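Okay, upload_15.txt is below, compact mmCIF, C-alpha atoms:
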# COMPACT_ATOMS: atom_id res chain seq x y z
CA MET A 1 28.65 -15.97 115.32
CA LYS A 2 26.52 -17.23 118.20
CA LYS A 3 23.43 -15.22 118.93
CA ASP A 4 22.05 -14.89 122.45
CA LEU A 5 18.35 -15.80 122.28
CA GLY A 6 17.72 -15.41 126.00
CA PRO A 7 16.36 -18.37 128.00
CA VAL A 8 14.45 -20.20 125.25
CA ASN A 9 13.52 -23.87 125.19
CA THR A 10 14.86 -25.22 121.89
CA LEU A 11 14.43 -28.91 122.61
CA TYR A 12 12.62 -29.44 119.30
CA PRO A 13 11.31 -31.15 117.34
CA SER A 14 9.63 -33.41 119.87
CA LEU A 15 7.34 -36.37 119.38
CA THR A 16 3.64 -35.55 119.08
CA THR A 17 1.37 -37.80 121.13
CA ILE A 18 -2.31 -37.90 121.97
CA VAL A 19 -2.94 -38.41 125.66
CA GLY A 20 -6.12 -40.29 126.49
CA THR A 21 -7.91 -39.87 129.80
CA VAL A 22 -11.34 -40.33 131.30
CA VAL A 23 -12.71 -37.07 132.67
CA ASP A 24 -16.16 -36.73 134.18
CA GLY A 25 -16.97 -40.22 133.00
CA ARG A 26 -16.09 -39.59 129.34
CA PRO A 27 -12.99 -40.37 127.26
CA ASN A 28 -11.00 -37.23 126.48
CA PHE A 29 -7.99 -36.64 124.27
CA LEU A 30 -5.28 -33.99 124.22
CA ALA A 31 -2.32 -33.50 121.87
CA ILE A 32 0.90 -33.36 123.90
CA ALA A 33 4.41 -33.06 122.50
CA HIS A 34 6.07 -31.94 125.71
CA VAL A 35 6.96 -35.47 126.59
CA GLY A 36 9.98 -37.02 128.27
CA ILE A 37 11.78 -40.31 128.78
CA MET A 38 12.65 -40.79 132.45
CA ASN A 39 13.86 -44.24 133.44
CA HIS A 40 14.96 -46.56 130.70
CA SER A 41 14.82 -50.05 132.15
CA GLN A 42 12.00 -51.94 133.83
CA PRO A 43 9.87 -50.33 135.00
CA GLN A 44 9.80 -47.79 132.16
CA TYR A 45 8.77 -44.29 133.11
CA ILE A 46 7.77 -41.57 130.68
CA SER A 47 6.44 -38.08 131.28
CA ILE A 48 3.94 -35.67 129.83
CA GLY A 49 4.08 -31.96 130.66
CA VAL A 50 0.58 -30.54 130.77
CA ASN A 51 -0.44 -26.96 131.39
CA LYS A 52 -2.46 -26.74 134.59
CA SER A 53 -5.30 -25.07 132.70
CA HIS A 54 -6.10 -28.26 130.77
CA TYR A 55 -9.14 -30.46 131.35
CA SER A 56 -7.20 -33.74 131.14
CA ASN A 57 -5.33 -33.12 134.39
CA LYS A 58 -8.47 -33.71 136.42
CA GLY A 59 -8.95 -37.17 134.91
CA ILE A 60 -5.33 -38.17 135.46
CA ARG A 61 -5.43 -37.04 139.08
CA GLU A 62 -8.71 -38.84 139.72
CA HIS A 63 -8.01 -42.19 138.05
CA LYS A 64 -4.21 -42.21 138.14
CA GLN A 65 -4.16 -43.67 134.63
CA PHE A 66 -3.71 -42.31 131.10
CA SER A 67 -2.76 -43.50 127.64
CA VAL A 68 -0.08 -42.12 125.34
CA ASN A 69 -1.03 -42.73 121.70
CA ILE A 70 1.34 -42.07 118.82
CA PRO A 71 -0.44 -40.83 115.71
CA GLY A 72 0.91 -41.17 112.20
CA GLU A 73 0.96 -38.45 109.55
CA ASN A 74 -2.52 -39.46 108.39
CA LEU A 75 -3.98 -38.26 111.70
CA MET A 76 -2.35 -34.80 111.63
CA ALA A 77 -5.61 -32.85 111.43
CA GLU A 78 -7.33 -34.87 114.18
CA THR A 79 -4.25 -34.63 116.39
CA ASP A 80 -4.08 -30.88 115.95
CA TYR A 81 -7.81 -30.61 116.55
CA VAL A 82 -7.68 -32.31 119.96
CA GLY A 83 -4.93 -29.85 120.86
CA ILE A 84 -6.93 -26.73 120.03
CA VAL A 85 -10.36 -27.49 121.47
CA THR A 86 -10.90 -28.21 125.16
CA GLY A 87 -12.87 -31.01 126.75
CA LYS A 88 -14.36 -28.39 129.06
CA ASN A 89 -16.79 -27.41 126.33
CA THR A 90 -16.26 -29.97 123.53
CA ASP A 91 -16.96 -33.70 123.59
CA LYS A 92 -13.84 -35.26 122.06
CA SER A 93 -14.84 -38.84 122.93
CA LYS A 94 -16.11 -39.55 119.39
CA VAL A 95 -13.18 -38.14 117.41
CA PHE A 96 -11.43 -41.51 117.32
CA GLU A 97 -12.40 -45.15 117.25
CA LEU A 98 -11.26 -46.63 120.55
CA TYR A 99 -10.14 -50.00 121.84
CA LYS A 100 -9.71 -51.48 125.26
CA GLY A 101 -6.43 -52.51 126.85
CA GLU A 102 -5.61 -53.52 130.38
CA LEU A 103 -6.41 -50.33 132.26
CA GLU A 104 -9.90 -48.99 132.86
CA TYR A 105 -9.15 -45.29 132.47
CA ALA A 106 -6.60 -45.17 129.66
CA PRO A 107 -8.65 -45.05 126.43
CA LEU A 108 -6.69 -46.21 123.38
CA ILE A 109 -7.00 -44.86 119.84
CA ALA A 110 -7.39 -47.58 117.19
CA GLY A 111 -6.08 -45.33 114.42
CA CYS A 112 -2.77 -44.72 116.21
CA PRO A 113 -0.28 -47.43 115.24
CA VAL A 114 1.38 -47.40 118.67
CA ALA A 115 0.02 -46.72 122.15
CA MET A 116 1.11 -47.08 125.76
CA GLU A 117 -1.08 -47.55 128.80
CA CYS A 118 0.35 -45.76 131.82
CA ARG A 119 -0.26 -45.83 135.52
CA LEU A 120 0.49 -42.52 137.25
CA HIS A 121 3.74 -42.80 139.19
CA GLN A 122 4.25 -39.25 140.37
CA VAL A 123 3.44 -35.64 139.62
CA VAL A 124 6.30 -33.16 139.38
CA ASP A 125 4.98 -29.69 139.99
CA PHE A 126 6.10 -26.60 138.06
CA PRO A 127 4.80 -23.03 138.02
CA THR A 128 2.40 -23.41 135.08
CA HIS A 129 2.67 -27.11 134.23
CA GLU A 130 2.17 -30.44 135.90
CA VAL A 131 4.49 -33.16 134.71
CA PHE A 132 2.76 -36.51 135.01
CA VAL A 133 5.21 -39.37 135.18
CA GLY A 134 3.65 -42.64 134.11
CA GLU A 135 4.82 -46.19 134.41
CA VAL A 136 4.33 -47.98 131.11
CA VAL A 137 2.05 -50.90 131.92
CA LYS A 138 1.30 -52.17 128.43
CA THR A 139 2.27 -51.21 124.90
CA TRP A 140 0.23 -51.94 121.80
CA ALA A 141 1.23 -51.71 118.16
CA ASP A 142 -0.17 -52.55 114.75
CA GLU A 143 1.60 -55.57 113.30
CA ALA A 144 2.08 -53.49 110.17
CA VAL A 145 4.51 -51.06 111.89
CA LEU A 146 6.80 -53.71 113.38
CA THR A 147 10.17 -54.82 112.09
CA GLY A 148 10.88 -58.51 111.50
CA LYS A 149 12.23 -58.58 115.05
CA GLY A 150 8.99 -57.24 116.50
CA LYS A 151 10.34 -53.76 117.18
CA VAL A 152 8.40 -50.58 116.43
CA ASP A 153 9.71 -49.12 113.16
CA PRO A 154 9.49 -45.29 112.98
CA ALA A 155 9.73 -45.46 109.19
CA LYS A 156 6.40 -47.32 109.22
CA VAL A 157 4.76 -45.37 112.06
CA ARG A 158 5.45 -42.02 110.28
CA PRO A 159 5.15 -40.03 113.53
CA LEU A 160 4.46 -36.31 113.71
CA LEU A 161 7.25 -34.16 115.09
CA PHE A 162 6.28 -30.91 116.76
CA ASP A 163 8.26 -27.71 116.57
CA MET A 164 7.04 -24.87 118.75
CA GLU A 165 9.54 -22.35 117.39
CA THR A 166 8.10 -22.35 113.86
CA LEU A 167 4.76 -23.95 114.84
CA SER A 168 5.20 -26.73 112.32
CA TYR A 169 4.65 -30.47 112.22
CA TYR A 170 7.55 -32.28 110.61
CA GLY A 171 7.66 -35.82 109.28
CA ILE A 172 10.68 -38.01 109.86
CA GLY A 173 13.39 -38.24 107.24
CA PRO A 174 15.74 -41.03 106.24
CA VAL A 175 17.87 -43.23 108.47
CA LEU A 176 21.28 -41.55 108.67
CA GLY A 177 23.26 -44.17 110.58
CA GLY A 178 23.33 -46.72 113.34
CA CYS A 179 23.33 -45.72 117.01
CA TRP A 180 26.28 -46.91 119.10
CA ASN A 181 27.95 -47.75 115.83
CA VAL A 182 28.77 -44.76 113.59
CA GLY A 183 30.98 -43.29 116.32
CA LYS A 184 33.18 -46.38 116.68
CA LYS A 185 35.51 -45.17 113.96
CA LEU A 186 36.58 -42.30 116.24
CA LYS A 187 37.76 -44.68 118.93
CA LYS A 188 41.50 -44.84 119.30
CA GLY A 189 43.61 -47.95 119.71
CA MET B 1 -4.76 -56.36 114.82
CA LYS B 2 -3.08 -54.80 117.84
CA LYS B 3 -0.14 -56.70 119.19
CA ASP B 4 0.73 -56.70 122.89
CA LEU B 5 4.43 -55.76 123.17
CA GLY B 6 4.52 -55.81 126.96
CA PRO B 7 5.60 -52.67 128.84
CA VAL B 8 7.88 -51.09 126.24
CA ASN B 9 8.82 -47.43 125.96
CA THR B 10 7.98 -46.41 122.40
CA LEU B 11 8.34 -42.65 122.80
CA TYR B 12 10.61 -42.44 119.77
CA PRO B 13 12.21 -40.91 117.86
CA SER B 14 13.51 -38.42 120.39
CA LEU B 15 15.87 -35.50 119.95
CA THR B 16 19.56 -36.32 120.27
CA THR B 17 21.53 -33.87 122.39
CA ILE B 18 25.06 -33.66 123.74
CA VAL B 19 25.16 -32.81 127.42
CA GLY B 20 28.19 -30.83 128.52
CA THR B 21 29.49 -30.93 132.07
CA VAL B 22 32.68 -30.29 134.00
CA VAL B 23 33.83 -33.40 135.85
CA ASP B 24 37.04 -33.58 137.86
CA GLY B 25 38.02 -30.19 136.47
CA ARG B 26 37.66 -31.19 132.83
CA PRO B 27 34.89 -30.63 130.25
CA ASN B 28 33.02 -33.84 129.49
CA PHE B 29 30.34 -34.67 126.94
CA LEU B 30 27.64 -37.33 126.75
CA ALA B 31 25.05 -38.05 124.06
CA ILE B 32 21.58 -38.02 125.62
CA ALA B 33 18.30 -38.48 123.75
CA HIS B 34 16.19 -39.31 126.79
CA VAL B 35 15.19 -35.70 127.20
CA GLY B 36 11.99 -34.03 128.27
CA ILE B 37 10.16 -30.71 128.21
CA MET B 38 8.78 -29.91 131.64
CA ASN B 39 7.46 -26.38 132.12
CA HIS B 40 6.78 -24.33 129.06
CA SER B 41 6.74 -20.72 130.18
CA GLN B 42 9.30 -18.66 132.05
CA PRO B 43 11.24 -20.14 133.67
CA GLN B 44 11.69 -22.93 131.12
CA TYR B 45 12.55 -26.33 132.55
CA ILE B 46 13.87 -29.25 130.54
CA SER B 47 15.06 -32.67 131.64
CA ILE B 48 17.73 -35.19 130.80
CA GLY B 49 17.47 -38.80 131.95
CA VAL B 50 20.90 -40.18 132.70
CA ASN B 51 21.79 -43.69 133.79
CA LYS B 52 23.34 -43.59 137.25
CA SER B 53 26.41 -45.39 135.96
CA HIS B 54 27.50 -42.40 133.87
CA TYR B 55 30.43 -40.15 134.67
CA SER B 56 28.56 -36.91 133.87
CA ASN B 57 26.25 -37.22 136.87
CA LYS B 58 29.06 -36.43 139.27
CA GLY B 59 29.78 -33.12 137.52
CA ILE B 60 26.13 -32.10 137.45
CA ARG B 61 25.70 -32.89 141.13
CA GLU B 62 28.87 -31.00 142.06
CA HIS B 63 28.44 -27.84 140.00
CA LYS B 64 24.65 -27.84 139.53
CA GLN B 65 25.13 -26.71 135.95
CA PHE B 66 25.17 -28.40 132.53
CA SER B 67 24.73 -27.55 128.87
CA VAL B 68 22.40 -29.16 126.34
CA ASN B 69 23.86 -28.89 122.84
CA ILE B 70 21.92 -29.83 119.72
CA PRO B 71 24.12 -31.35 117.03
CA GLY B 72 23.29 -31.34 113.34
CA GLU B 73 23.60 -34.30 110.99
CA ASN B 74 27.23 -33.37 110.23
CA LEU B 75 28.16 -34.25 113.84
CA MET B 76 26.55 -37.71 113.85
CA ALA B 77 29.81 -39.66 114.31
CA GLU B 78 31.12 -37.37 117.07
CA THR B 79 27.75 -37.44 118.83
CA ASP B 80 27.62 -41.20 118.72
CA TYR B 81 31.24 -41.39 119.88
CA VAL B 82 30.63 -39.37 123.05
CA GLY B 83 27.76 -41.76 123.79
CA ILE B 84 29.84 -44.93 123.54
CA VAL B 85 33.03 -44.02 125.39
CA THR B 86 33.04 -42.95 129.03
CA GLY B 87 34.80 -39.99 130.61
CA LYS B 88 35.92 -42.36 133.35
CA ASN B 89 38.71 -43.59 131.10
CA THR B 90 38.58 -41.32 128.03
CA ASP B 91 39.30 -37.59 127.83
CA LYS B 92 36.46 -36.20 125.73
CA SER B 93 37.33 -32.55 126.40
CA LYS B 94 39.10 -32.18 123.02
CA VAL B 95 36.47 -33.79 120.77
CA PHE B 96 34.76 -30.45 120.13
CA GLU B 97 35.76 -26.81 119.84
CA LEU B 98 34.18 -25.03 122.79
CA TYR B 99 32.91 -21.56 123.59
CA LYS B 100 32.00 -19.78 126.77
CA GLY B 101 28.55 -18.62 127.75
CA GLU B 102 27.23 -17.29 131.02
CA LEU B 103 27.73 -20.29 133.29
CA GLU B 104 31.08 -21.55 134.51
CA TYR B 105 30.39 -25.27 134.36
CA ALA B 106 28.25 -25.67 131.23
CA PRO B 107 30.74 -26.08 128.37
CA LEU B 108 29.26 -25.21 124.98
CA ILE B 109 30.06 -26.89 121.67
CA ALA B 110 30.85 -24.44 118.85
CA GLY B 111 29.93 -26.95 116.14
CA CYS B 112 26.39 -27.41 117.49
CA PRO B 113 24.08 -24.83 115.92
CA VAL B 114 21.95 -24.54 119.06
CA ALA B 115 22.78 -24.87 122.75
CA MET B 116 21.19 -24.19 126.12
CA GLU B 117 22.94 -23.41 129.38
CA CYS B 118 21.08 -24.93 132.32
CA ARG B 119 21.15 -24.51 136.06
CA LEU B 120 20.13 -27.64 137.95
CA HIS B 121 16.64 -27.19 139.38
CA GLN B 122 15.94 -30.63 140.82
CA VAL B 123 16.82 -34.28 140.53
CA VAL B 124 14.02 -36.81 140.11
CA ASP B 125 15.23 -40.19 141.23
CA PHE B 126 14.37 -43.46 139.45
CA PRO B 127 15.64 -47.02 139.95
CA THR B 128 18.43 -46.89 137.35
CA HIS B 129 18.32 -43.29 136.12
CA GLU B 130 18.59 -39.81 137.52
CA VAL B 131 16.48 -37.22 135.77
CA PHE B 132 18.18 -33.85 136.01
CA VAL B 133 15.73 -31.00 135.55
CA GLY B 134 17.47 -27.85 134.40
CA GLU B 135 16.29 -24.29 134.21
CA VAL B 136 17.26 -22.82 130.85
CA VAL B 137 19.41 -19.81 131.70
CA LYS B 138 20.66 -18.87 128.26
CA THR B 139 20.20 -20.17 124.73
CA TRP B 140 22.67 -19.72 121.89
CA ALA B 141 22.20 -20.30 118.18
CA ASP B 142 24.07 -19.77 114.96
CA GLU B 143 22.55 -16.91 113.00
CA ALA B 144 22.50 -19.28 110.03
CA VAL B 145 19.85 -21.55 111.60
CA LEU B 146 17.38 -18.80 112.49
CA THR B 147 14.23 -17.83 110.63
CA GLY B 148 13.65 -14.22 109.60
CA LYS B 149 11.80 -13.82 112.89
CA GLY B 150 14.79 -15.01 114.91
CA LYS B 151 13.33 -18.42 115.73
CA VAL B 152 15.34 -21.63 115.56
CA ASP B 153 14.50 -23.39 112.29
CA PRO B 154 14.72 -27.22 112.50
CA ALA B 155 15.02 -27.43 108.71
CA LYS B 156 18.32 -25.53 109.04
CA VAL B 157 19.52 -27.21 112.25
CA ARG B 158 19.06 -30.70 110.73
CA PRO B 159 18.90 -32.39 114.15
CA LEU B 160 19.53 -36.07 114.78
CA LEU B 161 16.55 -38.09 115.94
CA PHE B 162 17.26 -41.16 118.04
CA ASP B 163 15.31 -44.39 117.87
CA MET B 164 16.19 -47.00 120.45
CA GLU B 165 13.90 -49.66 119.01
CA THR B 166 15.81 -49.98 115.74
CA LEU B 167 19.00 -48.27 117.02
CA SER B 168 18.93 -45.73 114.20
CA TYR B 169 19.52 -42.03 113.84
CA TYR B 170 16.89 -40.38 111.67
CA GLY B 171 16.99 -37.00 110.02
CA ILE B 172 13.94 -34.78 109.94
CA GLY B 173 11.64 -34.80 106.95
CA PRO B 174 9.47 -32.13 105.36
CA VAL B 175 7.05 -29.75 107.06
CA LEU B 176 3.63 -31.43 106.93
CA GLY B 177 1.43 -28.66 108.28
CA GLY B 178 0.98 -25.85 110.75
CA CYS B 179 0.45 -26.52 114.45
CA TRP B 180 -2.76 -25.17 115.98
CA ASN B 181 -3.93 -24.64 112.43
CA VAL B 182 -4.45 -27.83 110.40
CA GLY B 183 -7.03 -29.05 112.91
CA LYS B 184 -9.23 -25.96 112.66
CA LYS B 185 -11.17 -27.45 109.76
CA LEU B 186 -12.58 -30.09 112.11
CA LYS B 187 -14.11 -27.48 114.37
CA LYS B 188 -17.88 -27.29 114.19
CA GLY B 189 -19.96 -24.13 114.01
Written as structure tokens, how would this file's structure read?
Amino acid sequence: MKKDLGPVNTLYPSLTTIVGTVVDGRPNFLAIAHVGIMNHSQPQYISIGVNKSHYSNKGIREHKQFSVNIPGENLMAETDYVGIVTGKNTDKSKVFELYKGELEYAPLIAGCPVAMECRLHQVVDFPTHEVFVGEVVKTWADEAVLTGKGKVDPAKVRPLLFDMETLSYYGIGPVLGGCWNVGKKLKKG
Amino acid sequence: MKKDLGPVNTLYPSLTTIVGTVVDGRPNFLAIAHVGIMNHSQPQYISIGVNKSHYSNKGIREHKQFSVNIPGENLMAETDYVGIVTGKNTDKSKVFELYKGELEYAPLIAGCPVAMECRLHQVVDFPTHEVFVGEVVKTWADEAVLTGKGKVDPAKVRPLLFDMETLSYYGIGPVLGGCWNVGKKLKKG
């Protein structure tokens, strides 16, 4: 029996990130899981959907740069914290140890095993949210989370998955199968 | 030590969906994990990033409707299959049992525990991909995957998470903590 839930977004769980910006001259961080993958070839474009009420938006609009950091399970409390207090009245610049990449206004979090520096490509406007589309300029990762082929290994990153329906952070589970592979057996002929 | 990976999209794992369309008068399905959450309030807008070479795009552009179905682990092979064969030369209309919702051109997959019917809101154009932003018109779920409060429970849906770096499908793991809660202990005063 299918139940009609009305028009509900059920695109969960989604990947939890920490977006880094510089606002009013100070690094600021905001937990964002309403992310998106836009163009998958060079250049790579990703998106973050940010409520217009947030403080970070001002920094992104001003400097046209931001970082997207991917925290592991060990940073769950800090990640949640930067999602529940606002930079408008709280200095979040000291929550994390930072490092410098290529861009001036995309502060990177040392404790996050993976991070992307983005240059603002466009803003897609919605009633309550601004979707910032960023071009990935540079990606950083801890050697410890890479596979032998130099790819980012989710099993080592241990990302936080966000579910807004039950308001829970999930970890990732086991590998279930290979993409573009497990379906081959259904091919005919 | 942070390693420079170049400009790589590492926004993974992402949620695997099956997008339903009607193309040339026939239901068609395509696995898409390059999804996004755009506006999170009513109306709800979500996005799917689809390579311009795909067959589904034609149906979305013609009818301005599509469905976003969320398969569970039990549909991994079928999901992968509809991502590796194209509707241009393969009839995928019989792969799944379908049901009817509100929209005419958003075929829904009975075996997927959750599904959203979307009306096309806008197309954001990128070099190789079209990002179709849909307004969620109606959401359907199996009673069996709902919490006592009528919310979709990921632990019951058992969604497939897609990782393009290692080309693996992951399951979800355990609940690690409560959103907007576990960070409260870091608040001062």
* Could the residues of chain B within 6 Å of chain A, counting only C-alpha atoms, be given as number ranges by chain, please? => B: 1-8, 34-39, 49, 77-78, 80-81, 129, 136-142, 151, 165, 167-180, 182-183
Could you write out chain A as a compact mmCIF listing (two decimals) with C-alpha atoms, keeping the file's coordinate frame once it has been least-squares superposed on chain B using every ordered C-alpha pair?
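Writing done, so here's out-v6.txt:
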# COMPACT_ATOMS: atom_id res chain seq x y z
CA MET A 1 -4.77 -56.33 114.83
CA LYS A 2 -3.07 -54.79 117.85
CA LYS A 3 -0.13 -56.70 119.20
CA ASP A 4 0.73 -56.69 122.90
CA LEU A 5 4.42 -55.77 123.17
CA GLY A 6 4.51 -55.81 126.96
CA PRO A 7 5.59 -52.66 128.85
CA VAL A 8 7.89 -51.09 126.24
CA ASN A 9 8.84 -47.43 125.97
CA THR A 10 8.00 -46.41 122.40
CA LEU A 11 8.34 -42.66 122.82
CA TYR A 12 10.61 -42.44 119.77
CA PRO A 13 12.20 -40.91 117.87
CA SER A 14 13.52 -38.41 120.39
CA LEU A 15 15.87 -35.49 119.95
CA THR A 16 19.57 -36.31 120.26
CA THR A 17 21.54 -33.86 122.40
CA ILE A 18 25.06 -33.66 123.74
CA VAL A 19 25.16 -32.80 127.42
CA GLY A 20 28.20 -30.83 128.52
CA THR A 21 29.50 -30.92 132.07
CA VAL A 22 32.68 -30.30 134.00
CA VAL A 23 33.82 -33.41 135.85
CA ASP A 24 37.02 -33.58 137.86
CA GLY A 25 38.01 -30.21 136.49
CA ARG A 26 37.66 -31.19 132.81
CA PRO A 27 34.89 -30.63 130.25
CA ASN A 28 33.01 -33.84 129.49
CA PHE A 29 30.35 -34.66 126.94
CA LEU A 30 27.65 -37.32 126.75
CA ALA A 31 25.06 -38.05 124.06
CA ILE A 32 21.58 -38.02 125.61
CA ALA A 33 18.30 -38.47 123.76
CA HIS A 34 16.19 -39.30 126.79
CA VAL A 35 15.21 -35.71 127.20
CA GLY A 36 11.99 -34.03 128.27
CA ILE A 37 10.16 -30.72 128.21
CA MET A 38 8.78 -29.90 131.66
CA ASN A 39 7.46 -26.38 132.13
CA HIS A 40 6.78 -24.34 129.06
CA SER A 41 6.73 -20.72 130.18
CA GLN A 42 9.30 -18.67 132.06
CA PRO A 43 11.23 -20.14 133.67
CA GLN A 44 11.69 -22.94 131.12
CA TYR A 45 12.55 -26.33 132.53
CA ILE A 46 13.87 -29.26 130.54
CA SER A 47 15.07 -32.67 131.65
CA ILE A 48 17.74 -35.18 130.80
CA GLY A 49 17.46 -38.80 131.95
CA VAL A 50 20.89 -40.18 132.69
CA ASN A 51 21.79 -43.68 133.78
CA LYS A 52 23.33 -43.58 137.25
CA SER A 53 26.40 -45.40 135.95
CA HIS A 54 27.49 -42.40 133.86
CA TYR A 55 30.43 -40.14 134.66
CA SER A 56 28.56 -36.91 133.87
CA ASN A 57 26.24 -37.23 136.86
CA LYS A 58 29.06 -36.43 139.25
CA GLY A 59 29.78 -33.12 137.51
CA ILE A 60 26.12 -32.10 137.44
CA ARG A 61 25.70 -32.89 141.13
CA GLU A 62 28.86 -31.01 142.06
CA HIS A 63 28.43 -27.84 140.00
CA LYS A 64 24.66 -27.84 139.54
CA GLN A 65 25.12 -26.71 135.94
CA PHE A 66 25.17 -28.40 132.52
CA SER A 67 24.73 -27.55 128.87
CA VAL A 68 22.40 -29.16 126.35
CA ASN A 69 23.87 -28.89 122.84
CA ILE A 70 21.93 -29.83 119.72
CA PRO A 71 24.13 -31.34 117.03
CA GLY A 72 23.29 -31.35 113.35
CA GLU A 73 23.61 -34.30 110.99
CA ASN A 74 27.22 -33.38 110.25
CA LEU A 75 28.19 -34.26 113.83
CA MET A 76 26.56 -37.72 113.85
CA ALA A 77 29.80 -39.66 114.30
CA GLU A 78 31.12 -37.37 117.07
CA THR A 79 27.76 -37.43 118.83
CA ASP A 80 27.63 -41.20 118.72
CA TYR A 81 31.23 -41.39 119.87
CA VAL A 82 30.63 -39.38 123.06
CA GLY A 83 27.76 -41.76 123.78
CA ILE A 84 29.84 -44.93 123.54
CA VAL A 85 33.03 -44.02 125.38
CA THR A 86 33.04 -42.95 129.02
CA GLY A 87 34.78 -40.00 130.61
CA LYS A 88 35.91 -42.38 133.34
CA ASN A 89 38.70 -43.59 131.09
CA THR A 90 38.59 -41.31 128.02
CA ASP A 91 39.30 -37.59 127.83
CA LYS A 92 36.44 -36.20 125.73
CA SER A 93 37.33 -32.55 126.39
CA LYS A 94 39.10 -32.17 123.02
CA VAL A 95 36.47 -33.78 120.78
CA PHE A 96 34.78 -30.44 120.13
CA GLU A 97 35.77 -26.82 119.85
CA LEU A 98 34.18 -25.04 122.80
CA TYR A 99 32.91 -21.57 123.60
CA LYS A 100 32.01 -19.78 126.76
CA GLY A 101 28.54 -18.63 127.77
CA GLU A 102 27.23 -17.30 131.03
CA LEU A 103 27.73 -20.29 133.30
CA GLU A 104 31.09 -21.54 134.51
CA TYR A 105 30.38 -25.27 134.37
CA ALA A 106 28.26 -25.67 131.25
CA PRO A 107 30.75 -26.08 128.37
CA LEU A 108 29.25 -25.22 124.98
CA ILE A 109 30.06 -26.90 121.66
CA ALA A 110 30.84 -24.44 118.85
CA GLY A 111 29.92 -26.95 116.14
CA CYS A 112 26.39 -27.41 117.49
CA PRO A 113 24.08 -24.82 115.92
CA VAL A 114 21.95 -24.54 119.07
CA ALA A 115 22.79 -24.88 122.76
CA MET A 116 21.20 -24.19 126.12
CA GLU A 117 22.93 -23.42 129.39
CA CYS A 118 21.07 -24.93 132.33
CA ARG A 119 21.15 -24.50 136.05
CA LEU A 120 20.14 -27.64 137.96
CA HIS A 121 16.64 -27.20 139.38
CA GLN A 122 15.95 -30.63 140.81
CA VAL A 123 16.83 -34.29 140.52
CA VAL A 124 14.02 -36.80 140.11
CA ASP A 125 15.22 -40.19 141.23
CA PHE A 126 14.36 -43.45 139.45
CA PRO A 127 15.63 -47.00 139.94
CA THR A 128 18.43 -46.88 137.35
CA HIS A 129 18.31 -43.28 136.12
CA GLU A 130 18.59 -39.81 137.53
CA VAL A 131 16.48 -37.23 135.77
CA PHE A 132 18.17 -33.85 136.00
CA VAL A 133 15.74 -31.01 135.54
CA GLY A 134 17.46 -27.84 134.40
CA GLU A 135 16.28 -24.29 134.20
CA VAL A 136 17.25 -22.81 130.85
CA VAL A 137 19.41 -19.81 131.70
CA LYS A 138 20.66 -18.87 128.25
CA THR A 139 20.20 -20.17 124.72
CA TRP A 140 22.67 -19.72 121.89
CA ALA A 141 22.20 -20.29 118.18
CA ASP A 142 24.08 -19.77 114.94
CA GLU A 143 22.55 -16.91 112.98
CA ALA A 144 22.51 -19.28 110.02
CA VAL A 145 19.84 -21.55 111.60
CA LEU A 146 17.38 -18.79 112.49
CA THR A 147 14.24 -17.83 110.63
CA GLY A 148 13.64 -14.22 109.60
CA LYS A 149 11.80 -13.82 112.90
CA GLY A 150 14.79 -15.00 114.92
CA LYS A 151 13.33 -18.41 115.72
CA VAL A 152 15.34 -21.63 115.56
CA ASP A 153 14.50 -23.40 112.29
CA PRO A 154 14.72 -27.23 112.50
CA ALA A 155 15.02 -27.42 108.72
CA LYS A 156 18.33 -25.54 109.05
CA VAL A 157 19.53 -27.20 112.26
CA ARG A 158 19.08 -30.71 110.73
CA PRO A 159 18.90 -32.38 114.16
CA LEU A 160 19.53 -36.07 114.79
CA LEU A 161 16.56 -38.10 115.95
CA PHE A 162 17.26 -41.17 118.04
CA ASP A 163 15.31 -44.38 117.87
CA MET A 164 16.18 -47.00 120.46
CA GLU A 165 13.89 -49.65 119.00
CA THR A 166 15.82 -49.97 115.73
CA LEU A 167 18.99 -48.27 117.02
CA SER A 168 18.94 -45.74 114.21
CA TYR A 169 19.52 -42.02 113.84
CA TYR A 170 16.89 -40.39 111.67
CA GLY A 171 17.00 -36.99 110.01
CA ILE A 172 13.94 -34.78 109.94
CA GLY A 173 11.63 -34.81 106.95
CA PRO A 174 9.47 -32.15 105.37
CA VAL A 175 7.06 -29.76 107.05
CA LEU A 176 3.64 -31.44 106.92
CA GLY A 177 1.43 -28.66 108.27
CA GLY A 178 0.98 -25.87 110.74
CA CYS A 179 0.45 -26.52 114.45
CA TRP A 180 -2.76 -25.16 115.98
CA ASN A 181 -3.94 -24.64 112.44
CA VAL A 182 -4.45 -27.83 110.40
CA GLY A 183 -7.04 -29.05 112.91
CA LYS A 184 -9.25 -25.96 112.66
CA LYS A 185 -11.17 -27.43 109.76
CA LEU A 186 -12.58 -30.08 112.12
CA LYS A 187 -14.11 -27.47 114.38
CA LYS A 188 -17.87 -27.30 114.19
CA GLY A 189 -19.99 -24.18 114.00
* Would you work out the distance separating CA of Phe29 in chain A from CA of Gly134 in chain B, expressed in Å to one decimal? =>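 For CA of Phe29 in chain A relative to CA of Gly134 in chain B, the distance reads 28.8 Å.
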* To do: Rounded to one decimal place, report the CA of Lys92 in chain A-CA of Val23 in chain A distance in Å.
  => 10.8 Å
* Record the distance separating CA of Gly111 in chain B and CA of Arg26 in chain B, expressed in Å with one decimal. => 18.9 Å
* To do: May I have the protein, DNA and RNA residues with an atom at most 12 Å from (-4.6, -38.6, 138.2), counting all atoms listed in the file in the file's coordinates, returned as number ranges by chain?
  => A: 20-23, 55-67, 105-106, 118-123, 130-134
Select range 115-119 of chain B in the preceding structure and write C-alpha atoms to a file as a compact mmCIF listing (two decimals), in the first residue's frame.
# COMPACT_ATOMS: atom_id res chain seq x y z
CA ALA B 115 9.03 8.02 -4.79
CA MET B 116 8.46 11.65 -5.69
CA GLU B 117 6.48 13.01 -8.61
CA CYS B 118 8.06 16.18 -9.97
CA ARG B 119 7.00 18.95 -12.28
